[in-house]
Amino acid sequence: MKHFYLLVLASIICLYACSDKTEVGDKKLYGITIHNSQRYGLQYFDSTGNEYDFRYYKTTITNDTSVRVRVELGSPKRFSEWKIFIIPNHLIANGQSFDPATNPDMKKFLDEELEIPTVHVTTLDPSEKSERAIGVLSKSKYFSPTTPFDTKLYLTKKGNLKRRFFKLKLNDNLIIPFGAIGYLKSN
């Protein structure tokens, strides 16, 4: 009977560890609401035939304050095993497919333009939203940084009344700076 309980406990732990634990929902802090989607993913083969894991997340930032805010998203940091980037809006507009096999513009971006650092800067009026897609590309032979699926963008408590900072949590052990938000004076 003792082994039965151990087997049940091991099964529960395995099911929990293998499940997609991405937090989906709205998180509001300092007048800014951030909605992180679940993880989406595909396999991608570059022009030389190398295989990659391509994962992406849609993030919507809403300005719930009464002042304009300046949103800066992006990361200057590069990793040897993977790349973290913002997918340009023209590649996600009008419900286009993220699959490089069916979207030649996405394939071209991943093949040729990914090395160009992308930083998204926009100003949001009160009640205005900005939707971005954050991509993560890793060679299939490496451990995916988005495992175990808890990737999300959030605002930190660090900063001051005029400026707060974004962090991108890829997993429990990898959290990187990913931009800032500034509160602009009303005219």
# chains A, B, ... in the order shown; residues from 1 in each chain; ligands from 1
>>> residues_around(residues="Ser47 in chain A", least_positions_apart="4", cutoff="10 Å", atoms="only C-alpha atoms", output="PyMOL selection string")
chain A and resi 51+107-108+110-112
>>> write_last_selection(atoms="all heavy atoms", output="mmCIF file, in the first residue's frame")
data_model
loop_
_atom_site.group_PDB
_atom_site.id
_atom_site.type_symbol
_atom_site.label_atom_id
_atom_site.label_comp_id
_atom_site.auth_asym_id
_atom_site.auth_seq_id
_atom_site.Cartn_x
_atom_site.Cartn_y
_atom_site.Cartn_z
ATOM 1 N N GLU A 51 17.837 23.271 -37.232
ATOM 2 C CA GLU A 51 16.529 23.233 -36.587
ATOM 3 C C GLU A 51 16.536 24.060 -35.306
ATOM 4 O O GLU A 51 17.477 24.018 -34.515
ATOM 5 C CB GLU A 51 16.155 21.796 -36.250
ATOM 6 C CG GLU A 51 14.786 21.667 -35.625
ATOM 7 C CD GLU A 51 14.421 20.225 -35.289
ATOM 8 O OE1 GLU A 51 15.276 19.326 -35.428
ATOM 9 O OE2 GLU A 51 13.266 20.021 -34.876
ATOM 10 N N LYS A 107 9.666 34.047 -42.179
ATOM 11 C CA LYS A 107 10.881 33.274 -42.497
ATOM 12 C C LYS A 107 12.029 34.215 -42.814
ATOM 13 O O LYS A 107 13.144 34.035 -42.315
ATOM 14 C CB LYS A 107 10.614 32.331 -43.662
ATOM 15 C CG LYS A 107 11.862 31.637 -44.179
ATOM 16 C CD LYS A 107 11.814 30.176 -43.945
ATOM 17 C CE LYS A 107 12.974 29.440 -44.574
ATOM 18 N NZ LYS A 107 14.105 29.288 -43.709
ATOM 19 N N LYS A 108 11.771 35.240 -43.624
ATOM 20 C CA LYS A 108 12.824 36.200 -43.977
ATOM 21 C C LYS A 108 13.321 36.932 -42.726
ATOM 22 O O LYS A 108 14.525 37.119 -42.551
ATOM 23 C CB LYS A 108 12.303 37.215 -44.992
ATOM 24 C CG LYS A 108 13.349 38.219 -45.407
ATOM 25 C CD LYS A 108 12.831 39.220 -46.403
ATOM 26 C CE LYS A 108 13.967 40.158 -46.757
ATOM 27 N NZ LYS A 108 13.539 41.419 -47.240
ATOM 28 N N LEU A 110 13.296 35.834 -39.585
ATOM 29 C CA LEU A 110 14.089 34.920 -38.761
ATOM 30 C C LEU A 110 15.423 34.578 -39.415
ATOM 31 O O LEU A 110 16.433 34.432 -38.729
ATOM 32 C CB LEU A 110 13.299 33.647 -38.468
ATOM 33 C CG LEU A 110 12.070 33.830 -37.581
ATOM 34 C CD1 LEU A 110 11.284 32.527 -37.489
ATOM 35 C CD2 LEU A 110 12.439 34.331 -36.205
ATOM 36 N N ASP A 111 15.453 34.471 -40.745
ATOM 37 C CA ASP A 111 16.688 34.140 -41.464
ATOM 38 C C ASP A 111 17.663 35.307 -41.536
ATOM 39 O O ASP A 111 18.867 35.124 -41.368
ATOM 40 C CB ASP A 111 16.377 33.693 -42.899
ATOM 41 C CG ASP A 111 15.859 32.271 -42.984
ATOM 42 O OD1 ASP A 111 15.946 31.536 -41.980
ATOM 43 O OD2 ASP A 111 15.364 31.893 -44.064
ATOM 44 N N GLU A 112 17.144 36.518 -41.790
ATOM 45 C CA GLU A 112 18.030 37.625 -42.147
ATOM 46 C C GLU A 112 18.037 38.802 -41.184
ATOM 47 O O GLU A 112 19.045 39.485 -41.051
ATOM 48 C CB GLU A 112 17.644 38.151 -43.540
ATOM 49 C CG GLU A 112 17.737 37.100 -44.619
ATOM 50 C CD GLU A 112 17.164 37.581 -45.939
ATOM 51 O OE1 GLU A 112 16.871 38.793 -46.085
ATOM 52 O OE2 GLU A 112 16.999 36.737 -46.841
#
>>> residues_around(residues="Phe45 in chain A", least_positions_apart="5", cutoff="12 Å", atoms="only C-alpha atoms", output="PyMOL selection string")
chain A and resi 50-54+99-101+106-108+110-111+137-140
>>> write_last_selection(atoms="C-alpha atoms", output="PDB file, in the first residue's frame")
ATOM      1  CA  ASN A  50      19.500  24.059 -38.826  1.00  0.00           C
ATOM      2  CA  GLU A  51      16.529  23.233 -36.587  1.00  0.00           C
ATOM      3  CA  TYR A  52      15.284  25.659 -33.924  1.00  0.00           C
ATOM      4  CA  ASP A  53      12.512  25.823 -31.349  1.00  0.00           C
ATOM      5  CA  PHE A  54      10.517  29.003 -32.055  1.00  0.00           C
ATOM      6  CA  ASP A  99       4.657  29.786 -38.953  1.00  0.00           C
ATOM      7  CA  PRO A 100       7.784  30.513 -41.056  1.00  0.00           C
ATOM      8  CA  ALA A 101       6.812  27.594 -43.309  1.00  0.00           C
ATOM      9  CA  MET A 106       8.352  35.676 -40.957  1.00  0.00           C
ATOM     10  CA  LYS A 107      10.881  33.274 -42.497  1.00  0.00           C
ATOM     11  CA  LYS A 108      12.824  36.200 -43.977  1.00  0.00           C
ATOM     12  CA  LEU A 110      14.089  34.920 -38.761  1.00  0.00           C
ATOM     13  CA  ASP A 111      16.688  34.140 -41.464  1.00  0.00           C
ATOM     14  CA  LEU A 137      14.468  31.178 -30.715  1.00  0.00           C
ATOM     15  CA  SER A 138      16.758  28.398 -29.490  1.00  0.00           C
ATOM     16  CA  LYS A 139      18.651  25.661 -31.268  1.00  0.00           C
ATOM     17  CA  SER A 140      16.813  22.404 -30.733  1.00  0.00           C
TER      18      SER A 140
END
>>> select_by_dssp(residues="range 70-120 of chain A", states="helix (DSSP H, G or I)", output="PyMOL selection string")
chain A and resi 89-91+93-95+104-113
>>> write_last_selection(atoms="N, CA, C and O atoms", output="PDB file, in the first residue's frame")
ATOM      1  N   ASN A  89       5.474  44.403 -35.750  1.00  0.00           N
ATOM      2  CA  ASN A  89       4.010  44.415 -35.900  1.00  0.00           C
ATOM      3  C   ASN A  89       3.545  44.006 -37.290  1.00  0.00           C
ATOM      4  O   ASN A  89       2.516  43.361 -37.428  1.00  0.00           O
ATOM      5  N   HIS A  90       4.286  44.389 -38.332  1.00  0.00           N
ATOM      6  CA  HIS A  90       3.828  44.051 -39.678  1.00  0.00           C
ATOM      7  C   HIS A  90       3.814  42.536 -39.920  1.00  0.00           C
ATOM      8  O   HIS A  90       3.147  42.052 -40.820  1.00  0.00           O
ATOM      9  N   LEU A  91       4.525  41.774 -39.080  1.00  0.00           N
ATOM     10  CA  LEU A  91       4.530  40.321 -39.221  1.00  0.00           C
ATOM     11  C   LEU A  91       3.397  39.641 -38.462  1.00  0.00           C
ATOM     12  O   LEU A  91       3.155  38.453 -38.638  1.00  0.00           O
ATOM     13  N   ALA A  93       0.276  41.443 -38.038  1.00  0.00           N
ATOM     14  CA  ALA A  93      -0.958  42.173 -38.356  1.00  0.00           C
ATOM     15  C   ALA A  93      -1.934  41.294 -39.133  1.00  0.00           C
ATOM     16  O   ALA A  93      -1.545  40.354 -39.823  1.00  0.00           O
ATOM     17  N   ASN A  94      -3.189  41.612 -38.995  1.00  0.00           N
ATOM     18  CA  ASN A  94      -4.269  40.975 -39.763  1.00  0.00           C
ATOM     19  C   ASN A  94      -4.297  39.453 -39.631  1.00  0.00           C
ATOM     20  O   ASN A  94      -4.596  38.753 -40.583  1.00  0.00           O
ATOM     21  N   GLY A  95      -3.942  38.961 -38.473  1.00  0.00           N
ATOM     22  CA  GLY A  95      -4.041  37.526 -38.221  1.00  0.00           C
ATOM     23  C   GLY A  95      -3.100  36.664 -39.032  1.00  0.00           C
ATOM     24  O   GLY A  95      -3.379  35.495 -39.278  1.00  0.00           O
ATOM     25  N   PRO A 104       6.195  33.744 -45.590  1.00  0.00           N
ATOM     26  CA  PRO A 104       7.537  34.050 -46.106  1.00  0.00           C
ATOM     27  C   PRO A 104       8.169  35.278 -45.442  1.00  0.00           C
ATOM     28  O   PRO A 104       9.390  35.348 -45.306  1.00  0.00           O
ATOM     29  N   ASP A 105       7.350  36.246 -45.006  1.00  0.00           N
ATOM     30  CA  ASP A 105       7.902  37.416 -44.335  1.00  0.00           C
ATOM     31  C   ASP A 105       8.486  37.047 -42.971  1.00  0.00           C
ATOM     32  O   ASP A 105       9.523  37.564 -42.562  1.00  0.00           O
ATOM     33  N   MET A 106       7.823  36.139 -42.242  1.00  0.00           N
ATOM     34  CA  MET A 106       8.352  35.676 -40.957  1.00  0.00           C
ATOM     35  C   MET A 106       9.642  34.898 -41.167  1.00  0.00           C
ATOM     36  O   MET A 106      10.612  35.054 -40.439  1.00  0.00           O
ATOM     37  N   LYS A 107       9.666  34.047 -42.179  1.00  0.00           N
ATOM     38  CA  LYS A 107      10.881  33.274 -42.497  1.00  0.00           C
ATOM     39  C   LYS A 107      12.029  34.215 -42.814  1.00  0.00           C
ATOM     40  O   LYS A 107      13.144  34.035 -42.315  1.00  0.00           O
ATOM     41  N   LYS A 108      11.771  35.240 -43.624  1.00  0.00           N
ATOM     42  CA  LYS A 108      12.824  36.200 -43.977  1.00  0.00           C
ATOM     43  C   LYS A 108      13.321  36.932 -42.726  1.00  0.00           C
ATOM     44  O   LYS A 108      14.525  37.119 -42.551  1.00  0.00           O
ATOM     45  N   PHE A 109      12.413  37.328 -41.854  1.00  0.00           N
ATOM     46  CA  PHE A 109      12.800  37.998 -40.614  1.00  0.00           C
ATOM     47  C   PHE A 109      13.697  37.095 -39.776  1.00  0.00           C
ATOM     48  O   PHE A 109      14.757  37.509 -39.305  1.00  0.00           O
ATOM     49  N   LEU A 110      13.296  35.834 -39.585  1.00  0.00           N
ATOM     50  CA  LEU A 110      14.089  34.920 -38.761  1.00  0.00           C
ATOM     51  C   LEU A 110      15.423  34.578 -39.415  1.00  0.00           C
ATOM     52  O   LEU A 110      16.433  34.432 -38.729  1.00  0.00           O
ATOM     53  N   ASP A 111      15.453  34.471 -40.745  1.00  0.00           N
ATOM     54  CA  ASP A 111      16.688  34.140 -41.464  1.00  0.00           C
ATOM     55  C   ASP A 111      17.663  35.307 -41.536  1.00  0.00           C
ATOM     56  O   ASP A 111      18.867  35.124 -41.368  1.00  0.00           O
ATOM     57  N   GLU A 112      17.144  36.518 -41.790  1.00  0.00           N
ATOM     58  CA  GLU A 112      18.030  37.625 -42.147  1.00  0.00           C
ATOM     59  C   GLU A 112      18.037  38.802 -41.184  1.00  0.00           C
ATOM     60  O   GLU A 112      19.045  39.485 -41.051  1.00  0.00           O
ATOM     61  N   GLU A 113      16.917  39.092 -40.545  1.00  0.00           N
ATOM     62  CA  GLU A 113      16.808  40.335 -39.790  1.00  0.00           C
ATOM     63  C   GLU A 113      16.860  40.153 -38.279  1.00  0.00           C
ATOM     64  O   GLU A 113      16.829  41.130 -37.538  1.00  0.00           O
TER      65      GLU A 113
END
>>> residues_around(residues="Arg70 in chain A", least_positions_apart="2", cutoff="8 Å", atoms="only C-alpha atoms", output="PyMOL selection string")
chain A and resi 68+72+121-124+181-184
>>> select_by_dssp(residues="range 15-129 of chain A", states="strand (DSSP E)", output="PyMOL selection string")
chain A and resi 25-29+32-36+40-45+51-63+69-73+82-87+120-124+129
>>> residues_around(residues="Ile32 in chain A", least_positions_apart="2", cutoff="6 Å", atoms="only C-alpha atoms", output="ChimeraX atom specification")
/A:28-30,62-64
>>> atom_distance(atom1="CA of Lys152 in chain A", atom2="CA of Leu168 in chain A")
5.9 Å
>>> atom_distance(atom1="CA of Ser75 in chain A", atom2="CA of Phe166 in chain A")
10.1 Å
>>> closest_residue(among="A:Gly49, A:Pro88, A:Gly31, A:Gly41", to="Val119 in chain A", atoms="only C-alpha atoms")
A:Pro88
>>> closest_residue(among="A:Thr118, A:Ser130, A:Thr60, A:Thr102", to="Lys27 in chain A", atoms="only C-alpha atoms")
A:Thr60
>>> decode(residues="range 148-168 of chain A", atoms="N, CA, C and O atoms", output="compact mmCIF listing (two decimals), in the first residue's frame")
# COMPACT_ATOMS: atom_id res chain seq x y z
N PRO A 148 10.01 25.75 -17.71
CA PRO A 148 8.75 25.05 -17.81
C PRO A 148 7.55 25.95 -18.06
O PRO A 148 6.58 25.91 -17.31
N PHE A 149 7.57 26.74 -19.07
CA PHE A 149 6.41 27.46 -19.60
C PHE A 149 5.86 28.59 -18.72
O PHE A 149 4.70 28.90 -18.80
N ASP A 150 6.66 29.19 -17.90
CA ASP A 150 6.16 30.26 -17.03
C ASP A 150 6.61 31.63 -17.52
O ASP A 150 6.86 32.52 -16.73
N THR A 151 6.74 31.81 -18.81
CA THR A 151 7.22 33.06 -19.36
C THR A 151 6.16 34.15 -19.27
O THR A 151 5.00 33.92 -19.57
N LYS A 152 6.60 35.35 -18.82
CA LYS A 152 5.67 36.48 -18.75
C LYS A 152 6.44 37.79 -18.62
O LYS A 152 7.57 37.82 -18.13
N LEU A 153 5.82 38.85 -19.08
CA LEU A 153 6.34 40.20 -18.92
C LEU A 153 5.66 40.81 -17.71
O LEU A 153 4.46 40.64 -17.52
N TYR A 154 6.42 41.53 -16.88
CA TYR A 154 5.82 42.19 -15.72
C TYR A 154 6.58 43.46 -15.38
O TYR A 154 7.72 43.65 -15.80
N LEU A 155 5.92 44.33 -14.62
CA LEU A 155 6.55 45.55 -14.11
C LEU A 155 7.18 45.24 -12.76
O LEU A 155 6.60 44.53 -11.94
N THR A 156 8.38 45.79 -12.53
CA THR A 156 9.02 45.61 -11.24
C THR A 156 8.56 46.71 -10.29
O THR A 156 7.99 47.71 -10.71
N LYS A 157 8.84 46.53 -9.03
CA LYS A 157 8.53 47.56 -8.04
C LYS A 157 9.65 48.58 -7.95
O LYS A 157 9.52 49.58 -7.26
N LYS A 158 10.76 48.32 -8.65
CA LYS A 158 11.88 49.26 -8.64
C LYS A 158 11.58 50.41 -9.57
O LYS A 158 10.85 50.28 -10.55
N GLY A 159 12.16 51.54 -9.28
CA GLY A 159 11.94 52.72 -10.09
C GLY A 159 11.44 53.85 -9.21
O GLY A 159 11.55 53.81 -7.99
N ASN A 160 10.88 54.86 -9.84
CA ASN A 160 10.34 55.99 -9.10
C ASN A 160 8.98 56.37 -9.67
O ASN A 160 8.43 55.64 -10.48
N LEU A 161 8.47 57.52 -9.24
CA LEU A 161 7.14 57.92 -9.69
C LEU A 161 7.07 58.21 -11.19
O LEU A 161 5.99 58.18 -11.77
N LYS A 162 8.21 58.49 -11.82
CA LYS A 162 8.21 58.83 -13.24
C LYS A 162 8.59 57.66 -14.14
O LYS A 162 8.31 57.69 -15.33
N ARG A 163 9.26 56.64 -13.59
CA ARG A 163 9.78 55.56 -14.44
C ARG A 163 9.79 54.23 -13.67
O ARG A 163 10.25 54.15 -12.55
N ARG A 164 9.26 53.20 -14.32
CA ARG A 164 9.26 51.83 -13.79
C ARG A 164 9.91 50.92 -14.84
O ARG A 164 9.96 51.27 -16.02
N PHE A 165 10.30 49.73 -14.42
CA PHE A 165 11.04 48.85 -15.32
C PHE A 165 10.30 47.54 -15.57
O PHE A 165 9.64 47.01 -14.69
N PHE A 166 10.43 47.05 -16.81
CA PHE A 166 9.88 45.76 -17.20
C PHE A 166 10.92 44.68 -17.01
O PHE A 166 12.11 44.90 -17.24
N LYS A 167 10.46 43.50 -16.64
CA LYS A 167 11.31 42.31 -16.61
C LYS A 167 10.58 41.25 -17.43
O LYS A 167 9.35 41.20 -17.47
N LEU A 168 11.36 40.42 -18.09
CA LEU A 168 10.81 39.28 -18.81
C LEU A 168 11.25 38.03 -18.08
O LEU A 168 12.45 37.75 -17.99
